[in-house]
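Written below as structure tokens is the structure these notes are about.
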Amino acid sequence: MFLPATDKNGNSCGENMTWEYADGVLTIKGTGKMSDYSFHHSAPWMRYRDEIKDIRLSEGITNIGALAFYGFGYRQLSMNVPSTVTRIERKGFSNIRPKGEGIVFDEKCHLEYVGEMAFYNTNYEIHGLEKAMMNAKLLLM
């Protein structure tokens, strides 16, 4: 079953980015900056977070928006972060502790910026993160 966003911007999640959810797979396609979210305006796919098993991010995405994947908790989840991602905004991956593959950074990914609490309360191995963060500006507050 295909479930597009129902917010005022359709299935947009950035200026040149769209998302769709179908059969446990969240797919985010496009280029550039992902929208930032907040506790009052959460990412549109959050209503499906208990069903999402796989997150597919396309090459061309340059940042993970604030609170984009906040609170995914303890569930089977796999996500590959493409080589084009250079920024992770505030709390982008906070409060997620997936079972299974978890988050895998592409070996060519080189982060330039990691926002405050980007990985707060994330207590599992994130594959490739250390190499990706070698030259990143970190906000550790």
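All residue names refer to the structure tokens as shown: chains lettered A, B, ... in order, residues numbered from 1 in each chain, ligands numbered from 1 in order.
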Nearby residues (only C-alpha atoms) at most 6 Å from segment 42-47 of chain A, same-chain spacing under 4 positions excluded, as a PDB file with N, CA and C atoms, in the first residue's frame:
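Below is the file result.pdb, written as the result:
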ATOM      1  N   TYR A  37      12.557  19.725  11.103  1.00  0.00           N
ATOM      2  CA  TYR A  37      11.296  19.492  11.798  1.00  0.00           C
ATOM      3  C   TYR A  37      11.457  19.857  13.259  1.00  0.00           C
ATOM      4  N   SER A  38      10.345  19.891  13.984  1.00  0.00           N
ATOM      5  CA  SER A  38      10.359  20.241  15.404  1.00  0.00           C
ATOM      6  C   SER A  38       9.375  19.343  16.132  1.00  0.00           C
ATOM      7  N   ALA A  68      14.550  14.688  11.976  1.00  0.00           N
ATOM      8  CA  ALA A  68      14.003  13.925  10.850  1.00  0.00           C
ATOM      9  C   ALA A  68      13.661  12.486  11.214  1.00  0.00           C
TER      10      ALA A  68
END
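Closest approach to Arg87 of chain A among A:Glu107, A:Glu51, A:Glu101, A:Asp36: A:Asp36, based on only C-alpha atoms.
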If we count only C-alpha atoms, what is near Val104 of chain A at a cut-off of 10 Å, once residues fewer than 4 positions away on the same chain are taken out, given as a list in words?
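The filter keeps Ser78, Met79, Asn80, Val81, Pro82, Glu125, Ile126, His127, Gly128 and Leu129 of chain A.
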Could you go through chain A and tell me which residues DSSP, when run on the backbone, assigns to alpha helix (DSSP H), listing them as a PyMOL selection string?
chain A and resi 129-132
Neighbours of segment 22-34 of chain A within 10 Å (only C-alpha atoms; same-chain residues fewer than 4 positions away dropped), as number ranges by chain?
A: 1-4, 11-18, 45, 48-66, 68, 77-79, 84-89
Using only C-alpha atoms, pick whichever of A:Gly10, A:Phe39, A:Tyr21, A:Phe93 has the shortest atom-to-atom distance to Val114 of chain A.
A:Phe93
